[in-house]
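Asks: Once you've had a glance at the structure underneath, I'll fire off some questions.
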Amino acid sequence: MNVDIQKAELKSVEEGGYVGRTVFALEGHKFPYEVTFYSKNGSDWDYSLSFAGEPGSEEQFLQADEQLEKDDDLYNLLLDAALDTQEA
């Protein structure tokens, strides 16, 4: 499945953790998604998926979420895109 990363960012938060966001489009899906990553320590990450703009098909959304759960390469690609924006 082809992925088009449109935007990514990562920020430190006051509590010492991190919040990252990656906006991406999946081949065959009408609307882009935004995955938000959360970490308290910079190594263990949780995520939340949403539509990046206007809402689209719930079926496609569930497919995208399932893909993120099952496909470590996709998950790591999106997380790495956010991590790559972190300033040293």
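Residues in the structure tokens are numbered from 1 in each chain, the chains being A, B, ... in the order shown, and ligands are numbered from 1 in the order shown.
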If we count only C-alpha atoms and set the cut-off at 10 Å, which residues sit around Val13 of chain A, ignoring sequence neighbours fewer than 3 positions away in its own chain? Please answer as a list of chain:residue names.
Replies: A:Leu10, A:Gly16, A:Gly17, A:Tyr18, A:Val19, A:Tyr38, A:Ser39, A:Lys40
Asks: Kindly export the residues of the current selection with all heavy atoms, as a short mmCIF file (atom, residue, chain, number, x, y, z; two decimals), in the first residue's frame.
Replies:
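selection08.cif written:
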data_model
loop_
_atom_site.label_atom_id
_atom_site.label_comp_id
_atom_site.auth_asym_id
_atom_site.auth_seq_id
_atom_site.Cartn_x
_atom_site.Cartn_y
_atom_site.Cartn_z
N LEU A 10 7.01 17.05 15.67
CA LEU A 10 7.16 16.48 17.00
C LEU A 10 7.52 17.60 17.95
O LEU A 10 8.38 18.44 17.63
CB LEU A 10 8.27 15.42 17.02
CG LEU A 10 8.48 14.73 18.37
CD1 LEU A 10 7.34 13.75 18.65
CD2 LEU A 10 9.81 14.00 18.39
N GLY A 16 7.52 16.70 30.21
CA GLY A 16 8.70 15.92 29.87
C GLY A 16 8.47 14.87 28.81
O GLY A 16 9.36 14.11 28.48
N GLY A 17 7.29 14.83 28.26
CA GLY A 17 6.98 13.87 27.22
C GLY A 17 7.02 14.49 25.84
O GLY A 17 7.54 15.59 25.65
N TYR A 18 6.45 13.78 24.89
CA TYR A 18 6.45 14.22 23.50
C TYR A 18 5.08 13.99 22.88
O TYR A 18 4.38 13.04 23.21
CB TYR A 18 7.48 13.43 22.68
CG TYR A 18 8.88 13.60 23.18
CD1 TYR A 18 9.42 12.73 24.12
CD2 TYR A 18 9.67 14.65 22.72
CE1 TYR A 18 10.70 12.90 24.58
CE2 TYR A 18 10.96 14.82 23.17
CZ TYR A 18 11.47 13.95 24.11
OH TYR A 18 12.75 14.12 24.57
N VAL A 19 4.74 14.87 21.94
CA VAL A 19 3.55 14.72 21.11
C VAL A 19 3.99 14.93 19.67
O VAL A 19 4.62 15.94 19.34
CB VAL A 19 2.45 15.74 21.48
CG1 VAL A 19 1.28 15.63 20.51
CG2 VAL A 19 1.98 15.55 22.90
N TYR A 38 1.96 9.83 21.18
CA TYR A 38 2.20 10.34 22.53
C TYR A 38 3.25 9.47 23.21
O TYR A 38 3.20 8.25 23.10
CB TYR A 38 0.93 10.24 23.40
CG TYR A 38 -0.29 10.84 22.79
CD1 TYR A 38 -1.19 10.08 22.07
CD2 TYR A 38 -0.57 12.20 22.96
CE1 TYR A 38 -2.32 10.63 21.51
CE2 TYR A 38 -1.71 12.76 22.41
CZ TYR A 38 -2.58 11.97 21.70
OH TYR A 38 -3.70 12.53 21.15
N SER A 39 4.17 10.09 23.92
CA SER A 39 5.15 9.34 24.71
C SER A 39 5.55 10.14 25.93
O SER A 39 5.79 11.34 25.84
CB SER A 39 6.39 9.03 23.87
OG SER A 39 7.35 8.35 24.67
N LYS A 40 5.65 9.46 27.06
CA LYS A 40 6.12 10.12 28.28
C LYS A 40 7.64 10.09 28.37
O LYS A 40 8.24 10.89 29.06
CB LYS A 40 5.53 9.43 29.52
CG LYS A 40 4.05 9.66 29.65
CD LYS A 40 3.52 9.02 30.91
CE LYS A 40 2.02 9.27 31.03
NZ LYS A 40 1.47 8.66 32.23
#
Asks: May I have the residues within 9 Å of Pro32 of chain A as a ChimeraX atom specification, using only C-alpha atoms and disregarding those fewer than 3 positions away in the same chain?
Replies: /A:6,23-26,29,50-54,56
Asks: Go through chain A and collect every residue that DSSP, computed from the backbone, puts in strand (DSSP E); the answer should be as JSON, numbers by chain.
Replies: {"A": [3, 4, 5, 6, 7, 8, 9, 10, 11, 12, 18, 19, 20, 21, 22, 23, 24, 25, 26, 33, 34, 35, 36, 37, 38, 39, 46, 47, 48, 49, 50, 51]}
Asks: Using only C-alpha atoms for the distances, tell me which of A:Glu34, A:Glu58, A:Ile5, A:Gln67 is nearest to Asp80 of chain A.
Replies: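 Smallest separation from Asp80 of chain A among the options: A:Ile5.
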Asks: So which one's closest to Tyr75 of chain A, A:Asp46, A:Glu14, A:Glu27, A:Glu9? Using only C-alpha atoms, please.
Replies: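 Closest candidate: A:Asp46.
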Asks: Hey, what does DSSP flag as alpha helix (DSSP H) within segment 3-74 of chain A? Can you give it to me as an MDAnalysis selection string?
Replies: chainID A and resid 58:70 72:74
Asks: Could you turn the residues from that selection into a file that holds all heavy atoms, as a compact mmCIF listing (two decimals), in the first residue's frame?
Replies:
# COMPACT_ATOMS: atom_id res chain seq x y z
N GLU A 58 -16.25 5.81 7.12
CA GLU A 58 -15.93 5.08 8.36
C GLU A 58 -15.25 3.75 8.03
O GLU A 58 -14.34 3.31 8.73
CB GLU A 58 -17.19 4.85 9.18
CG GLU A 58 -16.90 4.14 10.49
CD GLU A 58 -18.13 3.93 11.35
OE1 GLU A 58 -19.20 4.48 11.04
OE2 GLU A 58 -18.00 3.22 12.35
N GLU A 59 -15.68 3.11 6.96
CA GLU A 59 -15.10 1.84 6.54
C GLU A 59 -13.61 2.00 6.21
O GLU A 59 -12.77 1.21 6.64
CB GLU A 59 -15.84 1.26 5.34
CG GLU A 59 -15.31 -0.07 4.87
CD GLU A 59 -16.08 -0.62 3.68
OE1 GLU A 59 -17.28 -0.33 3.54
OE2 GLU A 59 -15.45 -1.33 2.89
N GLN A 60 -13.28 3.05 5.46
CA GLN A 60 -11.88 3.30 5.13
C GLN A 60 -11.08 3.68 6.38
O GLN A 60 -9.93 3.28 6.52
CB GLN A 60 -11.75 4.39 4.06
CG GLN A 60 -12.14 3.91 2.69
CD GLN A 60 -11.87 4.93 1.61
OE1 GLN A 60 -11.72 6.12 1.87
NE2 GLN A 60 -11.80 4.46 0.38
N PHE A 61 -11.69 4.43 7.28
CA PHE A 61 -11.03 4.79 8.53
C PHE A 61 -10.67 3.54 9.32
O PHE A 61 -9.55 3.40 9.82
CB PHE A 61 -11.92 5.71 9.36
CG PHE A 61 -11.30 6.09 10.68
CD1 PHE A 61 -10.43 7.16 10.76
CD2 PHE A 61 -11.59 5.37 11.83
CE1 PHE A 61 -9.85 7.51 11.98
CE2 PHE A 61 -11.02 5.70 13.04
CZ PHE A 61 -10.15 6.77 13.11
N LEU A 62 -11.61 2.63 9.45
CA LEU A 62 -11.36 1.39 10.19
C LEU A 62 -10.28 0.55 9.50
O LEU A 62 -9.47 -0.09 10.18
CB LEU A 62 -12.66 0.60 10.36
CG LEU A 62 -13.72 1.27 11.24
CD1 LEU A 62 -15.03 0.48 11.22
CD2 LEU A 62 -13.21 1.45 12.66
N GLN A 63 -10.26 0.56 8.17
CA GLN A 63 -9.20 -0.14 7.43
C GLN A 63 -7.84 0.46 7.74
O GLN A 63 -6.86 -0.26 7.96
CB GLN A 63 -9.45 -0.09 5.93
CG GLN A 63 -10.60 -0.92 5.45
CD GLN A 63 -10.91 -0.67 3.97
OE1 GLN A 63 -10.34 0.20 3.34
NE2 GLN A 63 -11.86 -1.42 3.44
N ALA A 64 -7.77 1.80 7.75
CA ALA A 64 -6.51 2.49 8.04
C ALA A 64 -6.05 2.18 9.46
O ALA A 64 -4.86 1.91 9.70
CB ALA A 64 -6.67 4.00 7.84
N ASP A 65 -6.96 2.20 10.42
CA ASP A 65 -6.60 1.90 11.80
C ASP A 65 -6.12 0.46 11.94
O ASP A 65 -5.13 0.20 12.63
CB ASP A 65 -7.80 2.17 12.71
CG ASP A 65 -7.42 2.19 14.17
OD1 ASP A 65 -6.35 2.75 14.51
OD2 ASP A 65 -8.19 1.67 15.00
N GLU A 66 -6.79 -0.46 11.27
CA GLU A 66 -6.36 -1.86 11.32
C GLU A 66 -4.98 -2.02 10.68
O GLU A 66 -4.13 -2.76 11.19
CB GLU A 66 -7.38 -2.74 10.59
CG GLU A 66 -7.02 -4.21 10.62
CD GLU A 66 -8.05 -5.09 9.93
OE1 GLU A 66 -9.12 -4.58 9.54
OE2 GLU A 66 -7.77 -6.29 9.77
N GLN A 67 -4.73 -1.30 9.60
CA GLN A 67 -3.43 -1.36 8.94
C GLN A 67 -2.33 -0.87 9.89
O GLN A 67 -1.26 -1.46 9.96
CB GLN A 67 -3.46 -0.50 7.66
CG GLN A 67 -2.29 -0.69 6.76
CD GLN A 67 -2.32 -2.01 6.02
OE1 GLN A 67 -3.37 -2.61 5.85
NE2 GLN A 67 -1.18 -2.47 5.59
N LEU A 68 -2.59 0.21 10.62
CA LEU A 68 -1.62 0.72 11.59
C LEU A 68 -1.35 -0.30 12.70
O LEU A 68 -0.22 -0.44 13.16
CB LEU A 68 -2.12 2.01 12.23
CG LEU A 68 -1.79 3.29 11.50
CD1 LEU A 68 -2.47 4.47 12.18
CD2 LEU A 68 -0.31 3.52 11.44
N GLU A 69 -2.38 -1.00 13.13
CA GLU A 69 -2.23 -2.02 14.17
C GLU A 69 -1.40 -3.20 13.70
O GLU A 69 -0.58 -3.72 14.46
CB GLU A 69 -3.61 -2.53 14.62
CG GLU A 69 -4.36 -1.58 15.49
CD GLU A 69 -3.82 -1.52 16.91
OE1 GLU A 69 -3.32 -2.53 17.41
OE2 GLU A 69 -3.91 -0.44 17.50
N LYS A 70 -1.60 -3.62 12.47
CA LYS A 70 -0.97 -4.84 11.95
C LYS A 70 0.38 -4.63 11.28
O LYS A 70 1.22 -5.52 11.29
CB LYS A 70 -1.90 -5.52 10.94
CG LYS A 70 -3.13 -6.12 11.54
CD LYS A 70 -3.94 -6.81 10.47
CE LYS A 70 -5.13 -7.54 11.05
NZ LYS A 70 -5.89 -8.23 10.01
N ASP A 72 3.77 -3.06 11.16
CA ASP A 72 4.81 -2.35 11.90
C ASP A 72 5.59 -1.40 11.00
O ASP A 72 6.02 -0.33 11.45
CB ASP A 72 5.78 -3.33 12.56
CG ASP A 72 5.15 -4.06 13.74
OD1 ASP A 72 4.12 -3.59 14.27
OD2 ASP A 72 5.70 -5.11 14.13
N ASP A 73 5.80 -1.77 9.74
CA ASP A 73 6.54 -0.91 8.83
C ASP A 73 5.80 0.42 8.59
O ASP A 73 6.41 1.48 8.58
CB ASP A 73 6.79 -1.61 7.49
CG ASP A 73 7.80 -2.75 7.61
OD1 ASP A 73 8.61 -2.74 8.56
OD2 ASP A 73 7.77 -3.66 6.76
N LEU A 74 4.49 0.35 8.41
CA LEU A 74 3.70 1.57 8.23
C LEU A 74 3.74 2.42 9.49
O LEU A 74 3.99 3.62 9.43
CB LEU A 74 2.25 1.22 7.87
CG LEU A 74 1.27 2.39 7.79
CD1 LEU A 74 1.70 3.40 6.71
CD2 LEU A 74 -0.14 1.90 7.55
Asks: Atom CA of Ala8 of chain A and atom CA of Ala81 of chain A are how many Å apart?
Replies: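 For atom CA of Ala8 of chain A relative to atom CA of Ala81 of chain A, the distance reads 5.9 Å.
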Asks: Counting only C-alpha atoms, which residue out of A:Ser12, A:Thr22, A:Ser57, A:Asn41 sits closest to Asn76 of chain A?
Replies: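 Residue with the minimum atom-to-atom distance to Asn76 of chain A: A:Thr22.
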